[in-house]
Structures are given as structure tokens and as C-alpha cells.
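Asker: Take a look at the following structure, please.
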Amino acid sequence: MRYLCSYTSSLIIGFPNLPGLRANSMKSVISVLALNLLFSLSSVSIAQKTKRGTVRSRPPTTITPQPSPLVAPPPAKPVTAKPLMAPTSLVVVNGQTLTTADFQPALRQELESVEDKIGEARRSILDLQINTTLLQLEAKRRGITSSRLYEMEVARRIPVPTPAQIKKFIDENRAQFEGIDPAVATPQVEAYLHDEFESRLADDLVRRLRRTIPVVMGLDVNTPNLSAEAVVATIGGQPLKAGFLSERLKPIAYKMRLDAYEIEKRQADQLVDDLLLLAEANRRQIGPEEIIRTEISEKVRTPTEAEVVKFYSENKARISGDLNTVRNQLTSYLQGEEKQRLEKELSDRLRKNADIRWLIAEPPQPVQLISVDDDPAQGDANAPVTIVEFTDFQCPACAAMQPVLEEVLKSSGNKVRFVVRDFPLAQHQNARKAAEAANAANAQGKFFEYISLLFKRQNALDVPSLKKYAAELGLNQPRFDAALDSGAYAAEIKHDIEDGEIYGISSTPTIFINGVMLRTLSAEALREAIDRAAATKTSVTPR
């Protein structure tokens, strides 16, 4: 399996489940707000996850919405339980229809609240854009950039978390840190507290700006069938239209609906398995727990030391702590994997001769207006298909995807235009400078040749190496070095990152085909997506 490079750091085991914990500190008010919004509002999580088609004696029953730390949040509203809607039919199994009425009420209530949560997200995006515009207007008044204003008013004032504050936080959340090496926990908590301090300063900045720049609210952003041209707010005389917000909402709303669908589908899968298990038990004239015991529980074995060591070696880049620290956790994890494999095998056997007809479907992916900006491109500008890749030159997954892209593009002829945009991740310390170097090479017409070297030499992306690669390609060295040393393309990289955040990007590589995100990173999936896009003969990617 090829793993993506995630926007936030991730661990297989042992990552504290703290609200809003992020590995990266945000460097602008735009990204602070956008990332909080994307990561908090778009997540609907289930207490226990099972793989599709597994048999369990106790299916998961609850989902927990994540907190939403927004700048200048609206006052909290009292939560009142809404009456349940009419049950939704899910699946027909051997003539028996299962519906959401078979779910526990709390889960059903949560699933039915998704559209309400999307409405809340829409209001939050409105607040986000108002705050962003306020920052831009104030920066313009002072004759500086938004980033410079944010640095002056927020970034430079962020206090460094003290050891006492870090210890207090860990003590107050001790259950979350059980089994976690203090050497791992301390920097994570330090980053979290840094972001909390930053958010408070950003809150204060926004409150001050709202007192000096008039904000006049227009039509309710959640008005049904609201025209794209409808003005939902006017900030310092600048109108904000509903269409702009709707475009920004697309990835968030899709993620929320997809999460809800996957929860609903997992629960329905569990109901199917439970129904078939009971039928099999009745056929055998034994209890269902006897089947679970003989087919699963008695067959789960403890992994050998060699298996634990092998797993650790293959995944140590994603595991915090040495082998001795995480050995017990890895053993439990591998046992769980073995149990899920046996559960799936039993589920597959039970379903083999069953008549199962699904009545629910995955929500369609949104088509987004993905700007190609003025970034490096290959292919005819008028091609019916435009592929936009957001990449990180230090990301192993991006390097692995590069030959796949090259192979598919070569066989696609003149029907595809390929555009590369930057999305260097904070955990890759050389990624931003490598992106700047690629842009400097692009200025001399050697972008794709240069990034080919970057992907092949990801272990050497320091500035001297970046300059060496330019020399290998015969670039004008003084011109290249001057651009790299001066940070001439830093603003361009920042612009790409901010666009990517708006498009809902959370990992690299992220690829859009005519505005639709590619969900499976493989040659086959890419070809299929290109063929679908070409068949529609319409490109929604703005030029």
C-alpha cells in the first residue's frame, strides 16, 4: 500500500487523541482559520471502526463530532435533540429490509444532523472569509502585506510554552498520554500550546479589526436556493457573494457527507453480518456466540517476535518510539489485525449465497474550480482534460507517484494538460526551499527536468544540493542562485499552499482531474478519471 504524506503528523499507535492537536504551527491568520475549519468541521468520527464485511459481537454504535476552534466564534447555542426523521431504507437481505430504525437512536440522530452541520460549516466559512477580508483591508491601510500584519500582531507575540505549562497540560490529560514516551509527548504538547496561544492572539486581532472596519450582514447564508450573486456580507464596503462561499464549502460538505455515509454503511454492514450470523446459527441449531468462538476467538494467535520486529521495521517512519517502547502496542495491533481478517473471512462465507441489495450509495464527488494559476504545465492549454497536482518534493509518496503520472500522461496524447502546484508540508524541512528551486528552474524553462532530479534525490535537498542540480542541467547559475537565496518565489509557494487549503487538501500528492479529486492513486484509476473527464468534454478548471 502506498501511503500519502499527511498535512498533520500521524502515528499508527499511541498518538494522544487531544482536541485540535496539530504538529504544525500556523503562520497566517488565513491558514489558522482554514485548517481549523477543515479539520474540525469536516470530521465525523465513529468510536470503533471495523473493516467492511466483518462480523463482530458488539457493533459500534456512537459517533462523536470534533470541537471547532474558530477565530471569533459565534455564541454557543443550546443543544436540543430534534425529533428523528422517517427511517431510511439501507439494504435488503434475503427479502428483509434493514433501515436506520435498526440503529441506536444516538447514532441515528447524529447521522440525521449532517445537513445541519453543513449549515454550521457554511456560517463558519462566512466568518472565516469576513475575518480574512478584515485582515487584508487593514494590511492595505497600513501599506503592508497580510502576512506582514499577522507577523507583527500575532506571530511575534506568541509566548514560548514553559516546562511548567507543558507538564501541567500532560498532568491534566494523563489518560491520553498513557504509554507515550515523554520525549515524544513533550514536543507535541509544546506545538499544541503554541497553537493555542496563537489562536488567542488571532482572536484578539479579529475583535480589534471588527471594531474599526464596518461589517454589514446581508442575506442569511443558509437561505434555500440562494443565488450565487446574492450578497451575504459587506466588509469595509466590499461585497461578499454566496457563490464564493459555496465553492469554498464543497470539499468540507463532501467530506462530512462521505464520513456520514461510511459510518452508515459500516453500521449497515454490521447489521447484515449479524442477521446472517443469526440465520446460520439457527440453521446449525447452535448459538451465534459458538460460531464466533470457533471461527474467530480460538483462531486468533499472538504474533511472533519476528513478526513484531518485521512490522516495526517496515513502519518505523510512522511510529513514535523505539521497539521496546511500543512492543506491547504493536502486539495488540497485530492481534487486532488478525482478528479482523478472521472476521472478514467469516463475513464473506456468510454472504456468499445471500441475496443482498444495497439501497444507499456513496455521495458524488464535488467538481471544484481549481485554479491553474501561472504554474508549470505540460500539454495543450486547450486540452479537454486538465490535471492539477499539488505536490511536495520531499514527500516519498509524491516521488512514487511521479513515474505513474509520467507513464499515463505519455499514453494520453494531446487530450491532457498537466499542471503542477506546490504544497510543501511543514514536517519536511527542505520541501519549501526545494519548491522555490523548482520555480527558479521553471523560470529558465527546465522545471520538469529539475523536479525529476528532486524526486530521485530526496535525501539531499539542502540548498547546496539544489544549486548543484541546477548546474547539472546547465542553468544560468548566478541567476538561479540569486533567486533561491533571495526567496524570490517564496510568495508563490505560499499562494499555492493557501489555495490548496481552500480546496480541502490534507495530504500529498493530491491530484484533481477537471476539478474532481482523484481518490485512488494508481495508473488505472488515473486513466479511468481521464477517460471520464474527456467523455464529458467540459473542463471546469479556470485558465
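Residues in the C-alpha cells are numbered from 1 in each chain, the chains being A, B, ... in the order shown, and ligands are numbered from 1 in the order shown.
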Give me, as CSV, the closest atom pair and its distance (Å, one decimal) for every residue of segment 313-418 of chain A within a cut-off of 10 Å of segment 442-464 of chain A, counting only C-alpha atoms, rows sorted by chain and rising number.
Answerer:
residue,atom,partner,partner_atom,distance
A:Asp375,CA,A:Asn442,CA,8.9
A:Pro376,CA,A:Asn442,CA,6.8
A:Ala377,CA,A:Phe448,CA,8.9
A:Gln378,CA,A:Phe448,CA,8.9
A:Asp392,CA,A:Phe455,CA,9.3
A:Phe393,CA,A:Phe455,CA,6.0
A:Gln394,CA,A:Gln458,CA,5.5
A:Cys395,CA,A:Gln458,CA,7.9
A:Pro396,CA,A:Gln458,CA,7.8
A:Ala397,CA,A:Phe455,CA,9.9
A:Cys398,CA,A:Phe455,CA,7.8
A:Ala399,CA,A:Phe455,CA,5.0
A:Ala400,CA,A:Phe455,CA,8.4
A:Met401,CA,A:Phe455,CA,9.9
A:Gln402,CA,A:Phe455,CA,7.9
A:Pro403,CA,A:Ser452,CA,9.4
Asker: Neighbours of Gly321 of chain A within 8 Å (only C-alpha atoms; same-chain residues fewer than 4 positions away dropped), as a list of chain:residue names?
Answerer: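 The filter keeps A:Asp181, A:Val184, A:Thr325, A:Val326.
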Asker: Using N, CA and C atoms, can you export the residues from the last selection as a short mmCIF file (atom, residue, chain, number, x, y, z; two decimals), in the first residue's frame?
Answerer:
data_model
loop_
_atom_site.label_atom_id
_atom_site.label_comp_id
_atom_site.auth_asym_id
_atom_site.auth_seq_id
_atom_site.Cartn_x
_atom_site.Cartn_y
_atom_site.Cartn_z
N ASP A 181 6.03 7.90 25.24
CA ASP A 181 7.35 8.35 25.66
C ASP A 181 7.32 9.86 25.88
N VAL A 184 8.46 12.04 23.20
CA VAL A 184 7.54 12.21 22.08
C VAL A 184 6.42 13.18 22.46
N THR A 325 9.71 0.32 23.45
CA THR A 325 8.64 1.18 23.97
C THR A 325 7.28 0.77 23.45
N VAL A 326 7.22 0.37 22.18
CA VAL A 326 5.91 0.13 21.55
C VAL A 326 5.63 -1.35 21.30
#
Asker: Where does segment 248-298 of chain A meet segment 121-139 of chain A within 9 Å, residue by residue, with the nearest atom pair and distance in Å to one decimal for each, counting only C-alpha atoms, listed by chain and rising number, as a tab-separated table?
Answerer:
residue	atom	partner	partner_atom	distance
A:Arg248	CA	A:Ile125	CA	7.6
A:Leu249	CA	A:Arg122	CA	6.5
A:Ile252	CA	A:Ala121	CA	7.8
A:Ala253	CA	A:Ala121	CA	8.0
Asker: Would you mind exporting N, CA and C atoms of the selected residues as a compact mmCIF listing (two decimals), in the first residue's frame?
Answerer:
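Saved file result_18.txt follows:
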# COMPACT_ATOMS: atom_id res chain seq x y z
N ARG A 248 -16.09 27.37 -1.64
CA ARG A 248 -15.20 27.01 -0.54
C ARG A 248 -15.79 25.88 0.32
N LEU A 249 -17.11 25.77 0.33
CA LEU A 249 -17.76 24.75 1.16
C LEU A 249 -17.68 23.36 0.53
N ILE A 252 -15.54 20.60 2.14
CA ILE A 252 -15.95 20.34 3.52
C ILE A 252 -17.26 19.58 3.56
N ALA A 253 -18.23 20.03 2.77
CA ALA A 253 -19.53 19.36 2.75
C ALA A 253 -19.40 17.94 2.24
Asker: Taking the DSSP assignment computed from this structure's backbone, write out as a list in words all residues of segment 163-247 of chain A that belong to strand (DSSP E).
Answerer: Val215, Val216, Met217, Val231, Val232, Ala233, Thr234, Ile235, Gln238, Pro239, Leu240 and Lys241 of chain A
Asker: Find the residues near Pro163 of chain A: any atom within 10 Å, counting only C-alpha atoms, skip ones fewer than 6 places away on the same chain, and give them as a list in words.
Answerer: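 Here the qualifying residues turn out to be Phe169, Thr186 and Glu190 of chain A.
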Asker: Kindly save the residues from that selection, with all heavy atoms included, as a PDB file, in the first residue's frame.
Answerer:
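Ended up saving to part.pdb:
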ATOM      1  N   PHE A 169      -0.242  20.560  31.418  1.00  0.00           N
ATOM      2  CA  PHE A 169      -1.133  20.044  30.384  1.00  0.00           C
ATOM      3  C   PHE A 169      -1.101  18.522  30.350  1.00  0.00           C
ATOM      4  O   PHE A 169      -2.149  17.865  30.271  1.00  0.00           O
ATOM      5  CB  PHE A 169      -0.722  20.601  29.020  1.00  0.00           C
ATOM      6  CG  PHE A 169      -1.656  20.223  27.907  1.00  0.00           C
ATOM      7  CD1 PHE A 169      -2.765  21.000  27.613  1.00  0.00           C
ATOM      8  CD2 PHE A 169      -1.444  19.080  27.154  1.00  0.00           C
ATOM      9  CE1 PHE A 169      -3.634  20.649  26.591  1.00  0.00           C
ATOM     10  CE2 PHE A 169      -2.304  18.720  26.129  1.00  0.00           C
ATOM     11  CZ  PHE A 169      -3.401  19.512  25.851  1.00  0.00           C
ATOM     12  N   THR A 186       6.284  15.591  24.813  1.00  0.00           N
ATOM     13  CA  THR A 186       6.637  16.984  25.128  1.00  0.00           C
ATOM     14  C   THR A 186       6.609  17.895  23.904  1.00  0.00           C
ATOM     15  O   THR A 186       5.967  18.946  23.934  1.00  0.00           O
ATOM     16  CB  THR A 186       7.998  17.048  25.829  1.00  0.00           C
ATOM     17  OG1 THR A 186       7.898  16.354  27.081  1.00  0.00           O
ATOM     18  CG2 THR A 186       8.413  18.480  26.086  1.00  0.00           C
ATOM     19  N   GLU A 190       4.003  20.928  23.286  1.00  0.00           N
ATOM     20  CA  GLU A 190       4.556  22.261  23.070  1.00  0.00           C
ATOM     21  C   GLU A 190       3.963  22.888  21.809  1.00  0.00           C
ATOM     22  O   GLU A 190       3.578  24.066  21.801  1.00  0.00           O
ATOM     23  CB  GLU A 190       6.079  22.186  22.953  1.00  0.00           C
ATOM     24  CG  GLU A 190       6.747  23.545  22.829  1.00  0.00           C
ATOM     25  CD  GLU A 190       8.262  23.446  22.811  1.00  0.00           C
ATOM     26  OE1 GLU A 190       8.779  22.315  22.633  1.00  0.00           O
ATOM     27  OE2 GLU A 190       8.923  24.482  22.981  1.00  0.00           O
TER      28      GLU A 190
END
Asker: Just how far from atom CA of His428 of chain A is atom CA of Thr386 of chain A, in Å to one decimal?
Answerer: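 Straight-line distance from atom CA of Thr386 of chain A to atom CA of His428 of chain A works out to 27.9 Å.
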